[in-house]
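Remarks on the structure that follows.
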Amino acid sequence: MAIAHYLVVDPRKSTLTAFSDPGPTAEGPSYRAQHDYAFGSPVAVGPWTLQTTELRPYPATS
């Protein structure tokens with residue numbers, strides 16, 4: 001059993017990655033589909049579309 005849709009949000013890089021289609025691969029179980037997005041873009045995750053215009057990156061560190 002696997003998670004059908006998996007979303008990773010990276011506020012350090014202002015990006016999101018949506019993984020889907022879990023299943024077997026030559027290297028073992030893995031997500032066979034990956035879609036990358038930037039903050040501000042609509043993100044398709046399965047049957048849902050998330051608006052990401054309100055997401056903000058972490059403040060820069062010095």
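Just so we're on the same page: first chain in the structure tokens is A, next is B, and so on; residues restart at 1 for each chain, and ligands are numbered from 1 in the order they show up.
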Fewer than 2 positions away in the same chain doesn't count, so skip those; otherwise give me all residues within 7 Å of Thr15 (chain A), counting only C-alpha atoms, as a list in words. Val9, Asp10, Pro11, Lys13, Thr17, Tyr37, Ala38 and Phe39 of chain A
Just-selected residues, all heavy atoms written as a PDB file, in the first residue's frame:
ATOM      1  N   VAL A   9       6.748  20.442  -0.220  1.00  0.00           N
ATOM      2  CA  VAL A   9       6.866  21.899  -0.309  1.00  0.00           C
ATOM      3  C   VAL A   9       8.234  22.283   0.243  1.00  0.00           C
ATOM      4  O   VAL A   9       8.585  21.910   1.356  1.00  0.00           O
ATOM      5  CB  VAL A   9       5.744  22.594   0.497  1.00  0.00           C
ATOM      6  CG1 VAL A   9       5.895  24.101   0.430  1.00  0.00           C
ATOM      7  CG2 VAL A   9       4.379  22.143   0.005  1.00  0.00           C
ATOM      8  N   ASP A  10       9.005  23.028  -0.551  1.00  0.00           N
ATOM      9  CA  ASP A  10      10.334  23.468  -0.125  1.00  0.00           C
ATOM     10  C   ASP A  10      10.354  24.995  -0.057  1.00  0.00           C
ATOM     11  O   ASP A  10      10.581  25.671  -1.057  1.00  0.00           O
ATOM     12  CB  ASP A  10      11.399  22.970  -1.097  1.00  0.00           C
ATOM     13  CG  ASP A  10      12.813  23.262  -0.610  1.00  0.00           C
ATOM     14  OD1 ASP A  10      12.988  24.140   0.271  1.00  0.00           O
ATOM     15  OD2 ASP A  10      13.755  22.626  -1.112  1.00  0.00           O
ATOM     16  N   PRO A  11      10.097  25.571   1.125  1.00  0.00           N
ATOM     17  CA  PRO A  11      10.065  27.025   1.246  1.00  0.00           C
ATOM     18  C   PRO A  11      11.450  27.672   1.130  1.00  0.00           C
ATOM     19  O   PRO A  11      11.548  28.874   0.968  1.00  0.00           O
ATOM     20  CB  PRO A  11       9.447  27.265   2.617  1.00  0.00           C
ATOM     21  CG  PRO A  11       9.684  26.011   3.363  1.00  0.00           C
ATOM     22  CD  PRO A  11       9.741  24.908   2.362  1.00  0.00           C
ATOM     23  N   LYS A  13      13.540  26.943  -1.357  1.00  0.00           N
ATOM     24  CA  LYS A  13      13.737  27.132  -2.797  1.00  0.00           C
ATOM     25  C   LYS A  13      12.493  27.680  -3.495  1.00  0.00           C
ATOM     26  O   LYS A  13      12.510  27.879  -4.700  1.00  0.00           O
ATOM     27  CB  LYS A  13      14.120  25.803  -3.440  1.00  0.00           C
ATOM     28  CG  LYS A  13      15.439  25.249  -2.966  1.00  0.00           C
ATOM     29  CD  LYS A  13      15.744  23.939  -3.655  1.00  0.00           C
ATOM     30  CE  LYS A  13      17.060  23.355  -3.179  1.00  0.00           C
ATOM     31  NZ  LYS A  13      17.332  22.059  -3.815  1.00  0.00           N
ATOM     32  N   THR A  17       6.952  19.888  -5.304  1.00  0.00           N
ATOM     33  CA  THR A  17       7.072  18.717  -6.159  1.00  0.00           C
ATOM     34  C   THR A  17       5.933  17.776  -5.830  1.00  0.00           C
ATOM     35  O   THR A  17       5.742  17.416  -4.666  1.00  0.00           O
ATOM     36  CB  THR A  17       8.423  18.014  -5.953  1.00  0.00           C
ATOM     37  OG1 THR A  17       9.475  18.946  -6.208  1.00  0.00           O
ATOM     38  CG2 THR A  17       8.573  16.829  -6.891  1.00  0.00           C
ATOM     39  N   TYR A  37       6.895  22.482  -9.552  1.00  0.00           N
ATOM     40  CA  TYR A  37       6.187  23.758  -9.654  1.00  0.00           C
ATOM     41  C   TYR A  37       6.936  24.807  -8.857  1.00  0.00           C
ATOM     42  O   TYR A  37       7.679  24.485  -7.928  1.00  0.00           O
ATOM     43  CB  TYR A  37       4.772  23.647  -9.074  1.00  0.00           C
ATOM     44  CG  TYR A  37       3.907  22.608  -9.728  1.00  0.00           C
ATOM     45  CD1 TYR A  37       3.872  21.301  -9.245  1.00  0.00           C
ATOM     46  CD2 TYR A  37       3.100  22.937 -10.804  1.00  0.00           C
ATOM     47  CE1 TYR A  37       3.067  20.345  -9.833  1.00  0.00           C
ATOM     48  CE2 TYR A  37       2.280  21.983 -11.398  1.00  0.00           C
ATOM     49  CZ  TYR A  37       2.271  20.690 -10.910  1.00  0.00           C
ATOM     50  OH  TYR A  37       1.467  19.754 -11.498  1.00  0.00           O
ATOM     51  N   ALA A  38       6.702  26.063  -9.179  1.00  0.00           N
ATOM     52  CA  ALA A  38       7.234  27.191  -8.409  1.00  0.00           C
ATOM     53  C   ALA A  38       6.102  27.817  -7.608  1.00  0.00           C
ATOM     54  O   ALA A  38       4.936  27.737  -8.007  1.00  0.00           O
ATOM     55  CB  ALA A  38       7.848  28.227  -9.348  1.00  0.00           C
ATOM     56  N   PHE A  39       6.444  28.435  -6.485  1.00  0.00           N
ATOM     57  CA  PHE A  39       5.439  29.170  -5.716  1.00  0.00           C
ATOM     58  C   PHE A  39       4.737  30.153  -6.647  1.00  0.00           C
ATOM     59  O   PHE A  39       5.383  30.808  -7.458  1.00  0.00           O
ATOM     60  CB  PHE A  39       6.088  29.938  -4.568  1.00  0.00           C
ATOM     61  CG  PHE A  39       6.434  29.120  -3.351  1.00  0.00           C
ATOM     62  CD1 PHE A  39       6.521  27.743  -3.386  1.00  0.00           C
ATOM     63  CD2 PHE A  39       6.679  29.748  -2.146  1.00  0.00           C
ATOM     64  CE1 PHE A  39       6.847  27.007  -2.262  1.00  0.00           C
ATOM     65  CE2 PHE A  39       7.003  29.029  -1.001  1.00  0.00           C
ATOM     66  CZ  PHE A  39       7.085  27.651  -1.070  1.00  0.00           C
TER      67      PHE A  39
END
Expected answer as a PyMOL selection string: strand (DSSP E) residues in region 3-60 of chain A: chain A and resi 5-10+15-25+28-38+43-45+48-50
Show me, as CSV, the residues of region 3-43 of chain A having an atom within 8 Å of region 47-53 of chain A, each with the closest atom pair and its distance in Å, using only C-alpha atoms.
residue,atom,partner,partner_atom,distance
A:Phe39,CA,A:Thr52,CA,5.7
A:Gly40,CA,A:Thr53,CA,4.1
A:Ser41,CA,A:Thr52,CA,6.0
A:Pro42,CA,A:Gln51,CA,4.8
A:Val43,CA,A:Leu50,CA,5.0
Output file for the selection above: C-alpha atoms, as a PDB file, in the first residue's frame:
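See out_38.pdb below for the written result:
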ATOM      1  CA  PHE A  39       5.439  29.170  -5.716  1.00  0.00           C
ATOM      2  CA  GLY A  40       2.636  31.144  -7.357  1.00  0.00           C
ATOM      3  CA  SER A  41       1.760  28.434  -9.903  1.00  0.00           C
ATOM      4  CA  PRO A  42      -1.376  26.307  -9.632  1.00  0.00           C
ATOM      5  CA  VAL A  43      -0.384  22.811  -8.505  1.00  0.00           C
TER       6      VAL A  43
END
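Of the listed residues A:Gly28, A:Gln34, A:Gly23, A:Gly46, the one whose atoms come nearest to His5 (chain A) is A:Gly46, with distances taken using only C-alpha atoms.
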Restricting the calculation to only C-alpha atoms: of A:Leu55, A:Ala2, A:Val45, A:Leu16, which residue gets closest to Pro29 (chain A)? A:Ala2
